[in-house]
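A.B. asks: Once you've had a glance at the structure underneath, I'll fire off some questions.
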Amino acid sequence: MFSYTVTIATGNQWFAGTDDYIYITLVGTEQCSERTLLDKPLYNDFERGAVDSYDVRVGEDLGELVLVKIEKKKYWMHDDWYCKYITVKNPSGDYVEFPCFRWLVDDKEVVLRDGRAHLPQDDKTVHSTHPLCFPMSIDANRHKDLPRDIQFDSEKGVDFVLNYSKAIENLFVNQFMHMFQSSWSDFADFEKIFVRIKNTISEYVMQHWKEDFMFGYQFLNGCNPVMIQKCTKLPDKFPVTHEMVSVSLERELTLEQEIEAGNIYIADYEILEGITPNCTDPCTLQFLAAPICLLYKNAQKKILPIAIQLGQTPGKNTPIFLPTDGQYDWLLAKIWVRSADFQHHQTITHLLKTHLMTEVFAIAMYRQLPAVHPVYKLLVPHIRFTIAINTKAREQLICECGIFDKANATGGGGHVQLVQKAMKSLTFRSLCFPDMIKSRGMESKEELPTYFYRDDGYRVWEATKSFVSDVVQIYYTSDEKLQGDEEVQAFVKDVCSFGMQDFDHCEFPKSVKSREELIEYLTVIVFTASAQHAAVNFGQLYLGMYPDEHFIEKPVKAAMEKFRKQLAEITRSIKIRNEGKKLPYYNMSPDKIPNSVAV
């Protein structure tokens, strides 16, 4: 008889364990074992967080182990089981790992292969786990309609409900809307909004929010640091003259000379032009502006607003507001710009360019890549829960009568118009962080030394790209090997043809011909789902932490460790830079960056 020791790890999630019958079949190059029930008398097998070992005896040597078949049969009530991994010790004393990291449901057999990543042209066995069968997009109205493996686990689901309830409580939306339905007597009423959101930064912002330096600083390091761009020529639709702004200029140069010197910046919210404002509440009239804001880099290299136009068409009904106007006229003009920035941030920068784009990549991954593919193993931690959180958002946040409809000027359909409009200008290169910074003329640290979003983003992008490059070079030893990988080529094509619907303008590649192209492509996905989302949202599981060991190869684990060390160094330098600052910037600090879009 030949003895194989089978060790099975059950997940730590709530309700991950099971009382059902678990059967295993070992498949080798020579023989298969009998279907064996894994059970120890008078013992609770497969409890949450447990690691259980079993002895499987066979009459003949199975040869080299290549597959494991695992099956769950219902005992007396429905309870799914989360299997983390299976390790098999063969009669020679060698260990073979079979990662699983998925839920098993009743009467379903899951076939796992050993944990080494394989390209399809190198794989001589049947793939272990098949891609989830998805349509062009997720056609699920409710979270519970999703395939089990991409739903929230129980803890994350409870966490979402608690956070959703807490957000409603903290923002006290109903009272907030009531404030709008009555007259405001004082700007101090704004303090009521922040009364429950207290920390050092928010308190500092609350004290200085009316001031021009704070208004300008938020374009660089606020939650939407992607709108400001260098102004090389004033657009005809924004007829600002030197006489209007001369009092704001500090270098004894004309406005035209300041532009030529690279000291003038602009933020244009043209995309909001024509978007229907929220009219879901007949008691509350809501409005949208599509402003243009001119910004000036002063001698101290601070960004200050010097002119604001609240519409795209100049004229009598669209005056240009200036800092020399009445105190409240100028303040209200800045508030309208900040309102437009909020609409752009929530709907385009956050929802479209992180949540929805990551979902496009996730769906293509599940459709086209098997779980043994190295690109699947690389990406899966970074799309964890993304489809689930987006489905929850469609179910509770941006649905009819959701938070968007209650407290957002683009609610009631305007947000859909805005996404559709933004899609017409969304390109692949706009998701590449260095290209996005350069396209706005914002790449020079010497010109803008306090653009921390740019500086930290560059470093995280390069660290991420280095890690992705290490992994790609391990599995693709030549460009020809990449070109022969039908599965990764199908993945890239799926993103363009299905996710982006072959829009001519989007310029998403339909194939990748070189390892450099693949490295950049995968870096875009990882960076978008982690660092970019963190910069416009907030963090939870830190970037570089991989609790589920999809990769088992030592070279990849070494690459992960190198990545973690690079991120730790970036975190350390950001902490040193922020010491003593009244407005520290942590949004791109790796210890604040989540692995995936999961919130």
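By order in the structure tokens, chains are A, B, ...; within a chain, residues start at 1; ligands start at 1, following the order shown.
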Taking 5 positions as the minimum chain separation for residues in the same chain, which residues sit within 6 Å of segment 218-229 of chain A when counting only C-alpha atoms? Answer as a list in words.
C.D. replies: Tyr265, Ile266, Ala267, His345, Arg440, Tyr451, Tyr453 and Val536 of chain A
A.B. asks: How would the residues just picked look written out with C-alpha atoms as an mmCIF file, in the first residue's frame?
C.D. replies:
data_model
loop_
_atom_site.group_PDB
_atom_site.id
_atom_site.type_symbol
_atom_site.label_atom_id
_atom_site.label_comp_id
_atom_site.auth_asym_id
_atom_site.auth_seq_id
_atom_site.Cartn_x
_atom_site.Cartn_y
_atom_site.Cartn_z
ATOM 1 C CA TYR A 265 -2.853 76.762 -14.670
ATOM 2 C CA ILE A 266 -6.457 76.014 -15.524
ATOM 3 C CA ALA A 267 -9.257 73.655 -14.456
ATOM 4 C CA HIS A 345 -14.618 63.355 -8.705
ATOM 5 C CA ARG A 440 -1.606 67.926 -18.263
ATOM 6 C CA TYR A 451 2.228 68.227 -5.894
ATOM 7 C CA TYR A 453 -0.091 63.180 -5.520
ATOM 8 C CA VAL A 536 -9.354 59.241 -4.559
#
A.B. asks: Using only C-alpha atoms, determine which residues lie at most 12 Å from His344 of chain A, disregarding the query and same-chain residues fewer than 6 positions distant; provide the list as an mmCIF file with N, CA, C and O atoms, in the first residue's frame.
C.D. replies:
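Saved to part-v7.cif:
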data_model
loop_
_atom_site.group_PDB
_atom_site.id
_atom_site.type_symbol
_atom_site.label_atom_id
_atom_site.label_comp_id
_atom_site.auth_asym_id
_atom_site.auth_seq_id
_atom_site.Cartn_x
_atom_site.Cartn_y
_atom_site.Cartn_z
ATOM 1 N N CYS A 223 -9.009 65.313 -3.041
ATOM 2 C CA CYS A 223 -9.483 63.992 -3.463
ATOM 3 C C CYS A 223 -9.655 63.893 -4.983
ATOM 4 O O CYS A 223 -9.931 62.808 -5.495
ATOM 5 N N ASN A 224 -9.499 65.012 -5.691
ATOM 6 C CA ASN A 224 -9.607 64.974 -7.155
ATOM 7 C C ASN A 224 -8.426 65.722 -7.787
ATOM 8 O O ASN A 224 -8.604 66.730 -8.481
ATOM 9 N N PRO A 225 -7.211 65.220 -7.606
ATOM 10 C CA PRO A 225 -6.013 65.947 -8.032
ATOM 11 C C PRO A 225 -5.672 65.742 -9.507
ATOM 12 O O PRO A 225 -4.496 65.761 -9.894
ATOM 13 N N VAL A 226 -6.699 65.541 -10.346
ATOM 14 C CA VAL A 226 -6.471 65.203 -11.754
ATOM 15 C C VAL A 226 -7.045 66.241 -12.711
ATOM 16 O O VAL A 226 -6.988 66.048 -13.933
ATOM 17 N N MET A 227 -7.580 67.348 -12.191
ATOM 18 C CA MET A 227 -8.221 68.340 -13.055
ATOM 19 C C MET A 227 -7.289 69.469 -13.467
ATOM 20 O O MET A 227 -7.395 70.018 -14.562
ATOM 21 N N ALA A 267 -8.393 74.814 -14.699
ATOM 22 C CA ALA A 267 -9.257 73.655 -14.456
ATOM 23 C C ALA A 267 -10.570 73.919 -15.168
ATOM 24 O O ALA A 267 -11.256 74.900 -14.870
ATOM 25 N N ASP A 268 -10.896 73.075 -16.131
ATOM 26 C CA ASP A 268 -12.067 73.284 -16.989
ATOM 27 C C ASP A 268 -13.042 72.118 -16.810
ATOM 28 O O ASP A 268 -12.710 70.965 -17.088
ATOM 29 N N TYR A 269 -14.257 72.435 -16.373
ATOM 30 C CA TYR A 269 -15.283 71.416 -16.130
ATOM 31 C C TYR A 269 -16.299 71.383 -17.265
ATOM 32 O O TYR A 269 -17.496 71.230 -17.048
ATOM 33 N N GLU A 270 -15.795 71.492 -18.477
ATOM 34 C CA GLU A 270 -16.653 71.519 -19.667
ATOM 35 C C GLU A 270 -17.554 70.294 -19.751
ATOM 36 O O GLU A 270 -18.672 70.362 -20.264
ATOM 37 N N ILE A 271 -17.069 69.164 -19.237
ATOM 38 C CA ILE A 271 -17.826 67.915 -19.347
ATOM 39 C C ILE A 271 -19.177 67.991 -18.648
ATOM 40 O O ILE A 271 -20.105 67.245 -18.957
ATOM 41 N N LEU A 272 -19.333 68.932 -17.692
ATOM 42 C CA LEU A 272 -20.606 69.067 -16.980
ATOM 43 C C LEU A 272 -21.638 69.884 -17.756
ATOM 44 O O LEU A 272 -22.804 69.946 -17.362
ATOM 45 N N GLU A 273 -21.216 70.501 -18.853
ATOM 46 C CA GLU A 273 -22.137 71.297 -19.658
ATOM 47 C C GLU A 273 -23.244 70.408 -20.224
ATOM 48 O O GLU A 273 -22.996 69.383 -20.848
ATOM 49 N N ILE A 275 -25.443 68.559 -18.587
ATOM 50 C CA ILE A 275 -25.871 67.450 -17.724
ATOM 51 C C ILE A 275 -27.112 67.876 -16.946
ATOM 52 O O ILE A 275 -27.176 68.973 -16.386
ATOM 53 N N LEU A 288 -26.474 72.668 -11.598
ATOM 54 C CA LEU A 288 -25.113 72.259 -11.948
ATOM 55 C C LEU A 288 -24.443 73.378 -12.728
ATOM 56 O O LEU A 288 -25.067 74.001 -13.579
ATOM 57 N N ALA A 289 -23.187 73.623 -12.436
ATOM 58 C CA ALA A 289 -22.397 74.578 -13.209
ATOM 59 C C ALA A 289 -21.305 73.822 -13.940
ATOM 60 O O ALA A 289 -20.907 72.719 -13.545
ATOM 61 N N ALA A 290 -20.825 74.409 -15.049
ATOM 62 C CA ALA A 290 -19.687 73.865 -15.792
ATOM 63 C C ALA A 290 -18.608 74.938 -15.826
ATOM 64 O O ALA A 290 -18.329 75.541 -16.866
ATOM 65 N N PRO A 291 -17.962 75.202 -14.683
ATOM 66 C CA PRO A 291 -17.072 76.356 -14.559
ATOM 67 C C PRO A 291 -15.693 76.161 -15.183
ATOM 68 O O PRO A 291 -15.273 75.039 -15.511
ATOM 69 N N VAL A 337 -17.289 76.102 -8.063
ATOM 70 C CA VAL A 337 -16.208 75.306 -8.652
ATOM 71 C C VAL A 337 -16.012 74.017 -7.854
ATOM 72 O O VAL A 337 -15.877 72.928 -8.412
ATOM 73 N N ARG A 338 -16.021 74.150 -6.539
ATOM 74 C CA ARG A 338 -15.825 72.972 -5.699
ATOM 75 C C ARG A 338 -16.986 71.984 -5.868
ATOM 76 O O ARG A 338 -16.789 70.760 -5.849
ATOM 77 N N HIS A 350 -13.588 58.722 -9.636
ATOM 78 C CA HIS A 350 -13.748 57.608 -8.703
ATOM 79 C C HIS A 350 -14.550 56.454 -9.306
ATOM 80 O O HIS A 350 -14.035 55.349 -9.496
ATOM 81 N N LEU A 351 -15.820 56.726 -9.650
ATOM 82 C CA LEU A 351 -16.697 55.647 -10.115
ATOM 83 C C LEU A 351 -16.216 55.052 -11.439
ATOM 84 O O LEU A 351 -15.957 53.850 -11.539
ATOM 85 N N LEU A 352 -16.087 55.889 -12.463
ATOM 86 C CA LEU A 352 -15.743 55.368 -13.791
ATOM 87 C C LEU A 352 -14.308 54.875 -13.882
ATOM 88 O O LEU A 352 -14.057 53.730 -14.284
ATOM 89 N N LYS A 353 -13.354 55.715 -13.491
ATOM 90 C CA LYS A 353 -11.959 55.418 -13.796
ATOM 91 C C LYS A 353 -11.279 54.495 -12.797
ATOM 92 O O LYS A 353 -10.140 54.072 -13.041
ATOM 93 N N ASN A 408 -26.959 64.292 -4.195
ATOM 94 C CA ASN A 408 -26.008 64.587 -5.255
ATOM 95 C C ASN A 408 -26.710 65.333 -6.375
ATOM 96 O O ASN A 408 -27.763 64.907 -6.847
ATOM 97 N N ALA A 409 -26.128 66.426 -6.825
ATOM 98 C CA ALA A 409 -26.764 67.241 -7.863
ATOM 99 C C ALA A 409 -26.862 66.529 -9.203
ATOM 100 O O ALA A 409 -27.637 66.938 -10.068
ATOM 101 N N THR A 410 -26.083 65.441 -9.398
ATOM 102 C CA THR A 410 -26.202 64.666 -10.634
ATOM 103 C C THR A 410 -27.043 63.416 -10.435
ATOM 104 O O THR A 410 -27.115 62.555 -11.326
ATOM 105 N N GLY A 414 -28.489 62.194 -13.993
ATOM 106 C CA GLY A 414 -27.372 63.011 -14.454
ATOM 107 C C GLY A 414 -26.046 62.286 -14.369
ATOM 108 O O GLY A 414 -25.169 62.466 -15.225
ATOM 109 N N HIS A 415 -25.882 61.445 -13.338
ATOM 110 C CA HIS A 415 -24.629 60.708 -13.183
ATOM 111 C C HIS A 415 -24.430 59.709 -14.325
ATOM 112 O O HIS A 415 -23.304 59.463 -14.756
ATOM 113 N N GLN A 417 -25.601 60.178 -17.438
ATOM 114 C CA GLN A 417 -25.198 61.019 -18.573
ATOM 115 C C GLN A 417 -23.712 61.375 -18.480
ATOM 116 O O GLN A 417 -22.996 61.375 -19.488
ATOM 117 N N LEU A 418 -23.263 61.651 -17.286
ATOM 118 C CA LEU A 418 -21.879 62.069 -17.086
ATOM 119 C C LEU A 418 -20.904 60.934 -17.390
ATOM 120 O O LEU A 418 -19.861 61.141 -18.025
ATOM 121 N N VAL A 419 -21.236 59.722 -16.956
ATOM 122 C CA VAL A 419 -20.392 58.563 -17.267
ATOM 123 C C VAL A 419 -20.347 58.335 -18.776
ATOM 124 O O VAL A 419 -19.284 58.102 -19.363
ATOM 125 N N LYS A 421 -20.783 60.464 -21.141
ATOM 126 C CA LYS A 421 -20.018 61.536 -21.769
ATOM 127 C C LYS A 421 -18.521 61.329 -21.543
ATOM 128 O O LYS A 421 -17.703 61.523 -22.455
ATOM 129 N N ALA A 422 -18.154 60.927 -20.343
ATOM 130 C CA ALA A 422 -16.743 60.724 -20.011
ATOM 131 C C ALA A 422 -16.148 59.544 -20.779
ATOM 132 O O ALA A 422 -14.948 59.534 -21.083
ATOM 133 N N VAL A 536 -8.053 58.559 -4.469
ATOM 134 C CA VAL A 536 -9.354 59.241 -4.559
ATOM 135 C C VAL A 536 -10.383 58.600 -3.633
ATOM 136 O O VAL A 536 -11.566 58.886 -3.715
#
A.B. asks: Name all residues at most 8 Å from segment 554-559 of chain A (count only C-alpha atoms; drop same-chain ones fewer than 3 positions away) and give them as a CSV table (one decimal) with all heavy atoms, in the first residue's frame.
C.D. replies:
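Wrote out-v2.csv, looks like this:
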chain,number,residue,atom,x,y,z
A,467,PHE,N,7.8,45.3,-9.9
A,467,PHE,CA,7.3,44.0,-9.4
A,467,PHE,C,6.6,43.2,-10.6
A,467,PHE,O,6.9,42.0,-10.8
A,467,PHE,CB,6.3,44.2,-8.3
A,467,PHE,CG,5.5,43.0,-7.9
A,467,PHE,CD1,6.1,41.8,-7.5
A,467,PHE,CD2,4.1,43.0,-8.0
A,467,PHE,CE1,5.3,40.7,-7.2
A,467,PHE,CE2,3.3,41.9,-7.7
A,467,PHE,CZ,3.9,40.7,-7.3
A,470,ASP,N,9.2,41.8,-12.9
A,470,ASP,CA,9.9,40.6,-12.3
A,470,ASP,C,9.0,39.4,-12.6
A,470,ASP,O,9.6,38.3,-12.9
A,470,ASP,CB,10.1,40.8,-10.8
A,470,ASP,CG,11.2,41.8,-10.5
A,470,ASP,OD1,12.0,42.1,-11.4
A,470,ASP,OD2,11.3,42.2,-9.3
A,471,VAL,N,7.7,39.5,-12.3
A,471,VAL,CA,6.8,38.3,-12.5
A,471,VAL,C,6.7,37.9,-14.0
A,471,VAL,O,6.8,36.8,-14.4
A,471,VAL,CB,5.4,38.6,-11.9
A,471,VAL,CG1,4.5,37.4,-12.2
A,471,VAL,CG2,5.5,38.8,-10.4
A,474,ILE,N,9.7,36.1,-15.3
A,474,ILE,CA,9.9,34.7,-14.9
A,474,ILE,C,9.2,33.7,-15.8
A,474,ILE,O,9.7,32.7,-16.1
A,474,ILE,CB,9.3,34.6,-13.4
A,474,ILE,CG1,10.2,35.3,-12.4
A,474,ILE,CG2,9.1,33.1,-13.1
A,474,ILE,CD1,9.6,35.4,-11.0
A,551,PHE,N,0.5,32.2,-5.9
A,551,PHE,CA,1.9,31.8,-6.4
A,551,PHE,C,2.6,31.0,-5.3
A,551,PHE,O,2.6,31.4,-4.1
A,551,PHE,CB,2.7,33.1,-6.7
A,551,PHE,CG,2.4,33.8,-8.0
A,551,PHE,CD1,1.8,35.0,-7.9
A,551,PHE,CD2,2.7,33.2,-9.2
A,551,PHE,CE1,1.5,35.7,-9.1
A,551,PHE,CE2,2.4,33.8,-10.4
A,551,PHE,CZ,1.8,35.1,-10.3
A,562,LYS,N,10.7,41.7,-2.5
A,562,LYS,CA,11.4,42.9,-3.0
A,562,LYS,C,10.4,44.1,-3.2
A,562,LYS,O,10.7,45.2,-2.8
A,562,LYS,CB,12.0,42.6,-4.4
A,562,LYS,CG,12.6,43.8,-5.1
A,562,LYS,CD,13.1,43.4,-6.5
A,562,LYS,CE,13.4,44.6,-7.4
A,562,LYS,NZ,13.7,44.2,-8.8
A,563,PHE,N,9.2,43.8,-3.7
A,563,PHE,CA,8.1,44.8,-3.8
A,563,PHE,C,7.7,45.3,-2.5
A,563,PHE,O,7.6,46.6,-2.3
A,563,PHE,CB,6.9,44.1,-4.5
A,563,PHE,CG,5.8,45.0,-4.8
A,563,PHE,CD1,6.0,46.3,-5.2
A,563,PHE,CD2,4.5,44.5,-4.8
A,563,PHE,CE1,4.9,47.1,-5.6
A,563,PHE,CE2,3.4,45.3,-5.2
A,563,PHE,CZ,3.6,46.6,-5.6
A.B. asks: Would you list the contacts of segment 79-89 of chain A as a list of chain:residue names, taking every protein, DNA or RNA residue within 6 Å and counting only C-alpha atoms, but skipping same-chain residues closer than 4 positions in sequence?
C.D. replies: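 In the requested form, the answer reads A:Tyr4, A:Thr5, A:Val6, A:Thr7, A:Ile8, A:Ala9, A:Thr10, A:Gly11, A:Ala16, A:Gly17, A:Thr18, A:Gly93, A:Asp94, A:Tyr95, A:Val96, A:Glu97, A:Phe98, A:Pro99, A:Cys100, A:Phe101, A:Arg102, A:Trp103, A:Leu104, A:Val105.
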